[in-house]
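Coordinates as given in query38.cif (mmCIF, C-alpha atoms):
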```
data_coords
#
loop_
_atom_site.label_atom_id
_atom_site.label_comp_id
_atom_site.auth_asym_id
_atom_site.auth_seq_id
_atom_site.Cartn_x
_atom_site.Cartn_y
_atom_site.Cartn_z
CA MET A 84 110.09 136.00 124.28
CA ARG A 85 111.54 133.45 121.90
CA LYS A 86 113.76 130.90 123.61
CA LYS A 87 116.59 129.70 121.38
CA LEU A 88 117.14 125.97 121.03
CA SER A 89 120.29 125.17 122.98
CA TYR A 90 123.18 123.43 121.27
CA SER A 91 123.13 120.60 123.83
CA LEU A 92 119.42 119.92 123.33
CA GLU A 93 119.74 120.08 119.54
CA ARG A 94 122.64 117.63 119.64
CA ARG A 95 120.77 115.28 121.99
CA VAL A 96 117.72 115.22 119.69
CA LEU A 97 119.91 114.55 116.64
CA VAL A 98 121.84 111.78 118.38
CA ASN A 99 118.67 110.15 119.72
CA ASN A 100 117.35 110.08 116.13
CA ARG A 101 120.66 108.81 114.70
CA HIS A 102 120.93 112.05 112.68
CA CYS A 103 118.13 110.63 110.50
CA CYS A 104 114.96 112.23 109.22
CA CYS A 105 112.13 110.48 111.06
CA ILE A 106 110.31 110.02 107.73
CA CYS A 107 113.20 108.97 105.46
CA GLN A 108 114.74 106.92 108.29
CA ASN A 109 117.96 105.26 107.09
CA ASP A 110 117.50 106.64 103.60
CA SER A 111 118.50 110.00 105.08
CA TYR A 112 122.06 108.95 105.97
CA GLY A 113 124.35 111.58 104.45
CA LYS A 114 121.55 114.09 103.93
CA ASP A 115 121.38 117.45 105.66
CA VAL A 116 118.85 117.34 108.50
CA LEU A 117 117.52 119.87 110.97
CA VAL A 118 115.48 119.97 114.17
CA HIS A 119 111.95 121.06 113.31
CA HIS A 120 109.43 122.57 115.75
CA ILE A 121 106.32 120.50 115.06
CA ASP A 122 103.78 123.09 116.21
CA GLY A 123 105.58 125.95 114.44
CA ASP A 124 106.43 127.70 117.72
CA ASN A 125 110.22 128.11 117.77
CA SER A 126 110.14 128.96 121.47
CA ASN A 127 108.47 125.63 122.36
CA ASN A 128 111.60 123.54 122.90
CA VAL A 129 110.09 120.59 124.75
CA LYS A 130 111.40 117.30 123.39
CA SER A 131 107.96 116.13 122.22
CA ASN A 132 107.78 119.17 119.91
CA LEU A 133 111.15 118.54 118.24
CA ALA A 134 111.42 116.29 115.19
CA VAL A 135 114.44 115.58 113.00
CA LEU A 136 113.61 116.15 109.33
CA CYS A 137 115.53 116.33 106.07
CA LEU A 138 115.30 119.61 104.15
CA VAL A 139 112.60 118.30 101.80
CA HIS A 140 110.33 117.05 104.58
CA ALA A 141 111.04 120.17 106.65
CA SER A 142 109.73 122.26 103.73
CA GLN A 143 106.64 120.03 103.53
CA ALA A 144 106.14 120.39 107.29
CA ASP A 145 106.40 124.18 106.97
CA ALA A 146 103.82 124.03 104.20
CA GLY A 147 101.60 121.99 106.53
CA LEU A 148 101.81 124.89 108.97
CA LYS A 149 100.83 127.21 106.09
CA ARG A 150 104.32 128.68 106.02
CA GLY A 151 106.59 128.83 103.03
CA LYS A 152 106.00 127.66 99.47
CA LEU A 153 106.44 124.22 97.97
CA GLY A 154 106.13 123.75 94.23
CA SER A 155 104.85 120.17 94.40
CA GLY A 156 102.03 121.22 96.70
CA LYS A 157 102.77 118.43 99.20
CA LYS A 158 102.15 119.16 102.87
CA LEU A 159 102.93 117.41 106.14
CA LYS A 160 100.56 118.37 108.91
CA PRO A 161 101.75 118.50 112.54
CA ASP A 162 99.82 115.36 113.56
CA ALA A 163 101.52 113.40 110.78
CA VAL A 164 104.99 114.63 111.82
CA ARG A 165 104.26 113.65 115.42
CA GLN A 166 103.33 110.13 114.37
CA TYR A 167 106.44 109.75 112.18
CA LYS A 168 108.61 110.96 115.07
CA LYS A 169 106.92 108.63 117.55
CA THR A 170 107.22 105.55 115.35
CA TRP A 171 110.85 106.16 114.37
CA GLU A 172 111.99 106.88 117.93
CA ARG A 173 110.15 103.79 119.17
CA LYS A 174 111.97 101.60 116.66
CA ILE A 175 115.29 103.01 117.84
CA GLU A 176 114.34 102.57 121.50
CA LEU A 177 113.31 98.94 121.03
CA GLY A 178 116.62 98.20 119.34
CA SER A 179 115.18 97.49 115.91
CA GLN A 180 117.98 96.86 113.47
CA TYR A 181 117.25 99.48 110.87
CA HIS A 182 120.67 99.69 109.22
CA LYS A 183 119.76 98.08 105.92
CA LYS A 184 120.13 99.93 102.64
CA SER A 185 117.07 101.14 100.82
CA GLN A 186 115.86 98.56 98.36
CA ARG A 187 112.82 98.04 96.17
CA VAL A 188 110.45 95.72 98.02
CA THR A 189 109.14 92.64 96.26
CA ASP A 190 106.88 89.92 97.59
CA THR A 191 109.42 87.10 97.53
CA GLY A 192 110.46 87.18 101.18
CA ASP A 193 110.19 84.51 103.84
CA ARG A 194 106.45 84.00 104.24
CA GLY A 195 107.10 81.26 106.79
CA GLU A 196 108.84 83.83 109.00
CA LEU A 197 105.90 86.19 108.50
CA LYS A 198 103.45 83.50 109.66
CA ARG A 199 105.62 82.67 112.67
CA LEU A 200 105.77 86.30 113.80
CA LYS A 201 102.02 86.64 113.31
CA ARG A 202 101.38 83.59 115.54
CA GLU A 203 103.72 84.93 118.23
CA ALA A 204 102.09 88.37 118.13
CA LEU A 205 98.65 86.84 118.64
CA ALA A 206 99.97 84.63 121.44
CA ALA A 207 101.22 87.73 123.27
CA THR A 208 97.72 89.25 123.27
CA ARG A 209 96.05 86.03 124.45
CA ARG A 210 98.05 85.69 127.65
CA THR A 211 96.24 86.17 130.93
CA SER A 212 98.20 89.38 131.41
CA GLU A 213 98.40 91.05 128.02
CA ASP A 214 102.05 91.35 126.99
CA THR A 215 101.95 94.62 125.05
CA ALA A 216 105.73 94.98 124.79
CA ALA A 217 106.09 91.51 123.25
CA PHE A 218 103.21 92.19 120.85
CA GLU A 219 104.72 95.50 119.77
CA GLN A 220 108.12 93.89 119.23
CA LYS A 221 106.61 91.20 116.98
CA VAL A 222 104.68 93.79 114.98
CA LEU A 223 107.88 95.79 114.44
CA GLU A 224 109.73 92.62 113.39
CA ILE A 225 107.03 92.04 110.76
CA ASP A 226 107.50 95.60 109.54
CA LEU A 227 111.26 95.04 109.23
CA LEU A 228 111.03 91.81 107.22
CA ASN A 229 112.94 92.02 103.95
CA GLY A 230 111.28 91.04 100.69
CA ILE A 231 107.70 91.34 101.94
CA SER A 232 105.56 93.92 100.15
CA SER A 233 103.74 96.69 102.00
CA GLU A 234 100.44 95.27 100.71
CA ARG A 235 101.16 91.88 102.32
CA LYS A 236 102.24 93.54 105.57
CA VAL A 237 99.02 95.57 105.63
CA ARG A 238 96.99 92.38 105.11
CA THR A 239 98.88 90.74 107.99
CA PHE A 240 98.26 93.72 110.28
CA LEU A 241 94.59 93.63 109.30
CA GLU A 242 94.36 89.93 110.19
CA LEU A 243 95.96 90.71 113.55
CA GLY A 244 93.65 93.68 114.02
CA GLN A 245 90.51 91.66 113.43
CA GLU A 246 91.26 89.87 116.71
CA VAL A 247 93.29 92.44 118.64
CA SER A 248 90.75 95.26 118.19
CA LEU A 249 88.20 93.09 120.01
CA ASN A 250 90.07 93.06 123.30
CA SER A 251 93.10 95.38 123.39
CA ASP A 252 93.32 99.16 123.29
CA LYS A 253 97.12 99.24 123.18
CA GLY A 254 97.30 96.55 120.52
CA THR A 255 94.78 98.40 118.34
CA VAL A 256 96.81 101.62 118.59
CA ILE A 257 100.03 99.81 117.68
CA LEU A 258 98.45 98.24 114.61
CA ALA A 259 96.77 101.44 113.41
CA GLU A 260 100.09 103.27 113.59
CA GLN A 261 101.93 100.48 111.78
CA ILE A 262 99.35 100.30 109.00
CA VAL A 263 99.67 104.03 108.32
CA TRP A 264 103.45 103.66 108.53
CA GLN A 265 103.33 101.57 105.34
CA LEU A 266 102.40 104.76 103.45
CA PHE A 267 105.94 106.05 103.74
CA CYS A 268 107.84 102.78 104.18
CA SER A 269 106.94 101.89 100.58
CA ASP A 270 108.45 103.40 97.46
CA GLY A 271 105.59 105.85 97.05
CA ALA A 272 101.98 105.25 97.92
CA SER A 273 100.38 103.37 95.03
CA ARG A 274 96.64 103.51 94.50
CA GLU A 275 96.32 99.84 95.39
CA LEU A 276 98.32 100.29 98.60
CA LEU A 277 96.26 103.31 99.63
CA LYS A 278 93.08 101.32 99.12
CA HIS A 279 94.45 98.37 101.17
CA ILE A 280 95.41 100.70 104.01
CA ALA A 281 92.09 102.55 103.99
CA GLU A 282 90.09 99.32 104.06
CA ALA A 283 92.27 97.79 106.80
CA LEU A 284 91.79 100.82 109.05
CA TRP A 285 88.07 100.84 108.24
CA ASP A 286 87.71 97.24 109.44
CA ILE A 287 89.81 97.73 112.58
CA GLY A 288 88.01 101.01 113.39
CA VAL A 289 84.53 99.47 113.18
CA ASN A 290 85.61 96.56 115.40
CA ALA A 291 87.16 98.97 117.90
CA VAL A 292 83.95 101.00 118.20
CA GLU A 293 81.70 97.96 118.31
CA TYR A 294 83.69 96.27 121.07
CA GLY A 295 83.97 99.38 123.21
CA ARG A 296 87.60 100.35 122.88
CA GLY A 297 88.63 103.54 124.68
CA LYS A 298 88.30 107.09 123.40
CA ASP A 299 92.05 107.54 122.83
CA THR A 300 92.13 104.33 120.80
CA ILE A 301 89.23 105.40 118.58
CA GLN A 302 90.88 108.81 118.17
CA THR A 303 94.11 107.17 117.01
CA VAL A 304 92.32 105.05 114.40
CA ALA A 305 90.25 108.03 113.21
CA ASN A 306 93.39 110.18 112.90
CA ALA A 307 95.08 107.40 110.93
CA ILE A 308 92.15 107.29 108.49
CA LEU A 309 92.28 111.09 108.15
CA GLN A 310 95.99 110.88 107.26
CA VAL A 311 95.28 108.28 104.59
CA GLY A 312 92.43 110.43 103.34
CA GLU A 313 94.77 113.41 103.03
CA GLN A 314 97.30 111.34 101.07
CA SER A 315 94.48 110.06 98.85
CA ARG A 316 93.41 113.63 98.19
CA ILE A 317 96.97 114.62 97.25
CA ASN A 318 97.17 111.60 94.91
CA ASN A 319 93.72 112.37 93.49
CA ASP A 320 92.77 108.79 94.38
CA ARG A 321 88.99 108.81 94.59
CA ARG A 322 88.64 105.12 95.49
CA ALA A 323 90.91 105.34 98.53
CA LEU A 324 89.36 108.65 99.61
CA ALA A 325 85.88 107.10 99.32
CA ALA A 326 87.03 104.13 101.44
CA CYS A 327 88.32 106.53 104.11
CA ARG A 328 85.02 108.42 104.16
CA GLN A 329 83.03 105.19 104.29
CA GLY A 330 85.24 103.87 107.08
CA LEU A 331 84.69 106.92 109.28
CA GLY A 332 80.99 106.90 108.39
CA SER A 333 80.71 103.25 109.41
CA MET A 334 82.50 103.91 112.70
CA LEU A 335 80.11 106.78 113.41
CA GLY A 336 77.12 104.64 112.47
CA VAL A 337 78.14 101.88 114.89
CA ALA A 338 78.76 104.46 117.64
CA GLN A 339 75.29 105.91 117.11
CA ARG A 340 73.66 102.48 116.99
CA ASP A 341 75.39 101.24 120.13
CA LYS A 342 75.18 104.61 121.89
CA ARG A 343 78.95 105.00 122.37
CA ALA A 344 78.56 108.55 123.64
CA HIS A 345 82.26 108.88 124.58
CA VAL A 346 83.34 108.78 120.91
CA LEU A 347 80.39 110.34 119.06
CA GLY A 348 81.83 113.86 119.07
CA LEU A 349 85.28 112.95 117.80
CA LEU A 350 83.87 110.72 115.05
CA GLU A 351 81.40 113.39 113.93
CA ASN A 352 84.32 115.86 113.70
CA ALA A 353 86.41 113.35 111.73
CA VAL A 354 83.59 112.67 109.26
CA THR A 355 83.05 116.42 108.77
CA SER A 356 86.78 117.05 108.36
CA LEU A 357 87.24 114.46 105.64
CA ALA A 358 84.03 115.49 103.87
CA GLU A 359 85.47 118.98 103.47
CA LYS A 360 88.64 117.80 101.73
#
```
Here is a file; write its structure as structure tokens.
Amino acid sequence: MRKKLSYSLERRVLVNNRHCCCICQNDSYGKDVLVHHIDGDNSNNVKSNLAVLCLVHASQADAGLKRGKLGSGKKLKPDAVRQYKKTWERKIELGSQYHKKSQRVTDTGDRGELKRLKREALAATRRTSEDTAAFEQKVLEIDLLNGISSERKVRTFLELGQEVSLNSDKGTVILAEQIVWQLFCSDGASRELLKHIAEALWDIGVNAVEYGRGKDTIQTVANAILQVGEQSRINNDRRALAACRQGLGSMLGVAQRDKRAHVLGLLENAVTSLAEK
């Protein structure tokens, strides 16, 4: 029997998300939003299944569930909605100041501040007891820097990932999520940006497999590459799609070479999934 979403729960979810679409973020102030059931089951009212979306992204999410029609053909799959929800709610929880107006990003921002935050993020991972909270906070501060292009942020996250993926599962997950986040933090996903993101995840993914990161970590990176691959397919961007396929193929090759049995199955599935797109 379908269980109706209670008014109190709906209001709590909306308030916790600042009445903002978890994809548009502050750009959704003043827009109509609704509480969307991520898995498509309107009786599943657990908090983890409830995402706040604007009407446009709700239609795309319905299309991702193979419900409804959308003229542009764009779709948001449930895994993508879950990641958007998780990242937006984390930024709110950590007190990130996300009340700035939408603006076109250039590459004229404070690069000295970017370098400082990068040093502090690395320092957090090098402590005897890994300070994941401090690392995550620095990564989010990098993401929130004004006047720094998404391409430069992706390069910074890649540079962090080349070290962090060698020794930290949590740090690798944080970086993979932030790199994918640049897809919808930018004003559209340009071909160059898609290629940067695909190659960054490729590099981090291979390191993560080679240095024995955990199964959940490898799954997160693989899912991130699949999301980029889906966006590349929608954009008809063959270069970025090829980079995604090569990245997953390289991860699988390293797992086979080093006999990482715990991740072979999930990587084989990811390679097959992207090959079918």
Note to self: Neighbouring residues of segment 91-102 of chain A were defined as those with any atom within 12 Å, considering all atoms listed in the file; residues of the same chain fewer than 4 positions away were excluded. Please report them as a VMD selection string.
What the structure shows: chain A and resid 87 106 to 120 128 to 137 167 to 176 181 to 182
Margin query: As an exercise, work out the distance from atom CA of Ala283 of chain A to atom CA of Gly297 of chain A in Å and give it to one decimal place.
Written below: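 We find that atom CA of Ala283 of chain A and atom CA of Gly297 of chain A lie 19.1 Å from each other.
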Edge lengths and centre, in Å to one decimal, as JSON: that's what I need for the box along x, y and z that holds all listed atoms of segment 340-345 of chain A plus 5 Å on each side.
```
{"center_x": 78.0, "center_y": 105.1, "center_z": 120.8, "size_x": 18.6, "size_y": 17.6, "size_z": 17.6}
```
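Closest to Ala216 of chain A among A:Leu228, A:Ala326, A:Ile257, A:Leu249 is A:Ile257, based on only C-alpha atoms.
Interatomic distance, atom CA of Glu351 of chain A to atom CA of Glu275 of chain A: 27.4 Å.
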Check: Taking the file as shown, what set of residues would the PyMOL selection byres ((chain A and resi 339-341) around 12) give back, as a list in words?
Finding: Val289, Val292, Glu293, Tyr294, Gly295, Gly332, Ser333, Met334, Leu335, Gly336, Val337, Ala338, Lys342, Arg343, Ala344, His345, Val346, Leu347, Gly348, Leu350 and Glu351 of chain A
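We find atom CA of Asp124 of chain A and atom CA of Asp145 of chain A to be spaced 11.3 Å apart.
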Since the input lacks atoms, please generate N, CA and C atoms for segment 279-301 of chain A and provide them as a compact mmCIF listing (two decimals), in the frame of the given file.
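New file out_38.txt:
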```
# COMPACT_ATOMS: atom_id res chain seq x y z
N HIS A 279 94.25 99.42 100.15
CA HIS A 279 94.45 98.37 101.17
C HIS A 279 94.49 98.98 102.56
N ILE A 280 95.25 100.07 102.70
CA ILE A 280 95.41 100.70 104.01
C ILE A 280 94.09 101.27 104.51
N ALA A 281 93.37 101.96 103.61
CA ALA A 281 92.09 102.55 103.99
C ALA A 281 91.10 101.48 104.44
N GLU A 282 91.04 100.38 103.71
CA GLU A 282 90.09 99.32 104.06
C GLU A 282 90.48 98.60 105.34
N ALA A 283 91.81 98.44 105.56
CA ALA A 283 92.27 97.79 106.80
C ALA A 283 91.90 98.64 108.02
N LEU A 284 92.13 99.94 107.93
CA LEU A 284 91.79 100.82 109.05
C LEU A 284 90.28 100.90 109.25
N TRP A 285 89.54 100.85 108.18
CA TRP A 285 88.07 100.84 108.24
C TRP A 285 87.61 99.64 109.06
N ASP A 286 88.11 98.47 108.74
CA ASP A 286 87.71 97.24 109.44
C ASP A 286 88.09 97.29 110.91
N ILE A 287 89.33 97.67 111.20
CA ILE A 287 89.81 97.73 112.58
C ILE A 287 89.03 98.79 113.36
N GLY A 288 88.75 99.93 112.72
CA GLY A 288 88.01 101.01 113.39
C GLY A 288 86.61 100.60 113.78
N VAL A 289 85.90 99.92 112.88
CA VAL A 289 84.53 99.47 113.18
C VAL A 289 84.55 98.47 114.33
N ASN A 290 85.49 97.53 114.30
CA ASN A 290 85.61 96.56 115.40
C ASN A 290 85.88 97.28 116.72
N ALA A 291 86.78 98.26 116.68
CA ALA A 291 87.16 98.97 117.90
C ALA A 291 85.97 99.69 118.52
N VAL A 292 85.15 100.31 117.68
CA VAL A 292 83.95 101.00 118.20
C VAL A 292 82.95 99.98 118.72
N GLU A 293 82.72 98.95 117.95
CA GLU A 293 81.70 97.96 118.31
C GLU A 293 82.03 97.26 119.62
N TYR A 294 83.30 97.00 119.86
CA TYR A 294 83.69 96.27 121.07
C TYR A 294 84.15 97.19 122.20
N GLY A 295 83.81 98.47 122.09
CA GLY A 295 83.97 99.38 123.21
C GLY A 295 85.39 99.75 123.58
N ARG A 296 86.26 99.88 122.58
CA ARG A 296 87.60 100.35 122.88
C ARG A 296 87.54 101.79 123.39
N GLY A 297 88.61 102.23 124.04
CA GLY A 297 88.63 103.54 124.68
C GLY A 297 88.65 104.70 123.70
N LYS A 298 88.37 105.88 124.23
CA LYS A 298 88.30 107.09 123.40
C LYS A 298 89.62 107.38 122.71
N ASP A 299 90.74 107.26 123.43
CA ASP A 299 92.05 107.54 122.83
C ASP A 299 92.34 106.57 121.69
N THR A 300 91.92 105.33 121.84
CA THR A 300 92.13 104.33 120.80
C THR A 300 91.35 104.68 119.54
N ILE A 301 90.08 105.02 119.71
CA ILE A 301 89.23 105.40 118.58
C ILE A 301 89.79 106.65 117.91
```
